[in-house]
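One structure below.
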Amino acid sequence: TEEEVERFFSEGIDENWERCGYRTREEFIKAIKDYYDGYRFSPESETRVYNPVSLGSFFSDDCIFRNYWNATGASTMAVELARKYDLLSIVDEMPSVDMESFTSFDISLLSGKKLRAESIYVLLYFAGYMTIHDGNELGLMLRFPNREISSSFSKSLIYQYTEGDFGSLLYDALCAFRACDINGIARCISRYLSLFPYHFYDRKDERLYHRIVHSLLVCMKGEAYAEDAGSLGRADEVFIAGGYIHIIELKVDGSAAEALEQIKHRHYADKYIQRAREENRKIVLIGMSFSSKERDVSECLYEELEIQ
């Protein structure tokens, strides 16, 4: 729990927060929380716990944010499931499962050829991929507990679904976002789309492209939020990395100008202005359009928001 982290790791926190480049001790603790906390075992309790293996590995490894959970071998289950089922929707959605699916789950179902969606979600919960976000006596809403798990899960899926060198692409994309190289970002997303086989694009709806792009952002060492709610609507993507907060709107068979105007008209960036001031970051608005026929980025426009 948070209280136990302070009790047992306070010395490690004190020794490393400044060395690791954080402005305050509290900011360092929040980063650790985002990466390794979040497991909740009852909708009736707000208590959340850290992954003890990941937390211990983090402090013994000079406080480097890595996906230590992968080393346990648990992530191989996602690969096995991905060979049979399309799991990409889980990356940006919070599935809900009725209570009967939990009480009636049978592990022997794994040997079968077909699992119901609810059974897959229950299996991912028991395996530690997902945790309770909310719920009542009828069912539970699940989500990834933290950034470590969402990143591990997404990478496992992408390596299974794509054909090509995803590792080098991930490095190039992160560099482009940290430098706010808009042309570089567009090129990396274009390369990323080309890694998926033809049959993966059997639907032309925007939701598919949103999921593909969001899965890329989740795999990078930054904060990624899909359908980020504001007072006048939801931004398709928000990605925070380096000195930039990227507010991204995506259109399929539309225009990048339309996407960019939507960000401004609906004030998606307003909720991040105070944070940008406090953390000395810039806010960049990105409108991106895709061609469903070419399965590629067709246009990308951007503006830097002026912060008074």
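Identifiers in the structure tokens: chain A, B, ... in order shown; residue index from 1 per chain; ligand index from 1 in order shown.
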- request: Could you tell me, as a list in words, which residues of stretch 76-215 of chain A DSSP assigns to strand (DSSP E or B) when given the backbone?
  value: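 Everything in stretch 76-215 of chain A that counts as strand (DSSP E or B) is Ser96, Val97, Asp98, Thr131, Ile132, His133, Asp134, Gly135, Gly139, Leu140, Met141, Leu142 and Arg143 of chain A.
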Hey, could you make a per-residue contact list for stretch 130-224 of chain A against stretch 295-305 of chain A with 8 Å as the cut-off, showing the nearest pair of atoms and its distance in Å to one decimal, counting only C-alpha atoms, sorted by chain and number, as a Markdown table?
| residue | atom | partner | partner_atom | distance |
| --- | --- | --- | --- | --- |
| A:Ile182 | CA | A:Tyr302 | CA | 7.5 |
| A:Asn183 | CA | A:Cys300 | CA | 7.9 |
| A:Ala186 | CA | A:Cys300 | CA | 6.8 |
| A:Ile189 | CA | A:Val297 | CA | 7.4 |
| A:Ser190 | CA | A:Asp296 | CA | 5.6 |
| A:Leu193 | CA | A:Asp296 | CA | 6.5 |
| A:Ser194 | CA | A:Asp296 | CA | 7.6 |
| A:Tyr201 | CA | A:Arg295 | CA | 7.8 |
Mind dumping the selected residues with all heavy atoms as a CSV table (one decimal), in the first residue's frame?
chain,number,residue,atom,x,y,z
A,182,ILE,N,7.0,16.9,-35.6
A,182,ILE,CA,5.7,16.5,-36.2
A,182,ILE,C,5.9,15.6,-37.4
A,182,ILE,O,5.2,14.6,-37.6
A,182,ILE,CB,4.8,17.7,-36.5
A,182,ILE,CG1,4.7,18.6,-35.2
A,182,ILE,CG2,3.5,17.3,-37.0
A,182,ILE,CD1,4.0,17.8,-34.0
A,183,ASN,N,6.7,16.0,-38.3
A,183,ASN,CA,7.0,15.2,-39.5
A,183,ASN,C,7.5,13.8,-39.1
A,183,ASN,O,7.1,12.8,-39.7
A,183,ASN,CB,7.9,15.9,-40.4
A,183,ASN,CG,7.3,17.1,-41.1
A,183,ASN,OD1,6.1,17.2,-41.3
A,183,ASN,ND2,8.2,18.1,-41.4
A,186,ALA,N,4.6,11.7,-37.8
A,186,ALA,CA,3.7,11.2,-38.9
A,186,ALA,C,4.4,10.1,-39.6
A,186,ALA,O,3.8,9.1,-40.0
A,186,ALA,CB,3.4,12.4,-39.9
A,189,ILE,N,4.2,6.9,-37.4
A,189,ILE,CA,2.9,6.3,-37.4
A,189,ILE,C,2.6,5.6,-38.7
A,189,ILE,O,1.9,4.6,-38.8
A,189,ILE,CB,1.8,7.4,-37.0
A,189,ILE,CG1,2.0,7.8,-35.6
A,189,ILE,CG2,0.4,6.8,-37.3
A,189,ILE,CD1,1.0,8.9,-35.1
A,190,SER,N,3.1,6.2,-39.8
A,190,SER,CA,2.9,5.6,-41.1
A,190,SER,C,3.6,4.3,-41.2
A,190,SER,O,3.1,3.3,-41.7
A,190,SER,CB,3.4,6.6,-42.2
A,190,SER,OG,3.3,6.0,-43.5
A,193,LEU,N,1.6,1.7,-39.1
A,193,LEU,CA,0.4,1.2,-39.8
A,193,LEU,C,0.8,0.1,-40.8
A,193,LEU,O,0.1,-0.9,-41.0
A,193,LEU,CB,-0.3,2.3,-40.5
A,193,LEU,CG,-1.0,3.3,-39.6
A,193,LEU,CD1,-1.5,4.5,-40.5
A,193,LEU,CD2,-2.0,2.7,-38.8
A,194,SER,N,2.0,0.3,-41.5
A,194,SER,CA,2.4,-0.7,-42.5
A,194,SER,C,2.9,-2.0,-41.9
A,194,SER,O,3.0,-3.0,-42.6
A,194,SER,CB,3.6,-0.1,-43.3
A,194,SER,OG,4.8,-0.1,-42.5
A,201,TYR,N,-7.1,-4.7,-41.4
A,201,TYR,CA,-7.9,-3.5,-41.8
A,201,TYR,C,-9.2,-3.9,-42.4
A,201,TYR,O,-9.6,-3.3,-43.5
A,201,TYR,CB,-7.1,-2.6,-42.7
A,201,TYR,CG,-5.9,-2.0,-42.0
A,201,TYR,CD1,-4.6,-2.6,-42.2
A,201,TYR,CD2,-5.9,-0.9,-41.2
A,201,TYR,CE1,-3.5,-2.1,-41.6
A,201,TYR,CE2,-4.8,-0.4,-40.6
A,201,TYR,CZ,-3.5,-1.0,-40.8
A,201,TYR,OH,-2.4,-0.5,-40.2
query: Could you pull the residues within 8 Å of stretch 130-135 of chain A, counting only C-alpha atoms, minus those fewer than 3 positions along the same chain, as a ChimeraX atom specification?
result: /A:38-43,121,124-127,138-145
- prompt: DSSP on the backbone: what in stretch 129-212 of chain A comes out alpha helix (DSSP H), as JSON, numbers by chain?
  reply: {"A": [147, 148, 149, 150, 151, 152, 153, 154, 155, 156, 157, 158, 159, 160, 161, 166, 167, 168, 169, 170, 171, 172, 173, 174, 175, 176, 177, 178, 182, 183, 184, 185, 186, 187, 188, 189, 190, 191, 192, 193, 194, 195, 206, 207, 208, 209, 210, 211, 212]}
field: Shell around A:Ser152 at 7 Å using only C-alpha atoms, local window under 3 positions removed, as a PyMOL selection string
entry: chain A and resi 67+70+75+148-149+155-156
message: For a quick check of understanding, using only C-alpha atoms, which of A:Ala71, A:Ile212, A:Ile248, A:Ala117 has the smallest distance to A:Glu261?
response: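 Closest to A:Glu261, using only C-alpha atoms: A:Ile248.
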Nearby residues (only C-alpha atoms) at most 8 Å from A:Gly222, same-chain spacing under 5 positions excluded, as a PyMOL selection string: chain A and resi 217+239-241
- request: For A:Tyr272, work out the shell of residues within 9 Å, counting only C-alpha atoms and skipping chain neighbours fewer than 5 positions away, then give it as number ranges by chain.
  value: A: 245, 277, 283
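For the set A:Leu123, A:Ile273, A:Met94, A:Cys175, the residue with the smallest atom-to-atom gap to A:Asp106 is A:Leu123, counting only C-alpha atoms.
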- request: Please provide as a PyMOL selection string all residues within 12 Å of A:Gly230, with the sequence filter that same-chain residues fewer than 5 positions apart are discarded (counting only C-alpha atoms).
  value: chain A and resi 235-238+247+263+265-272
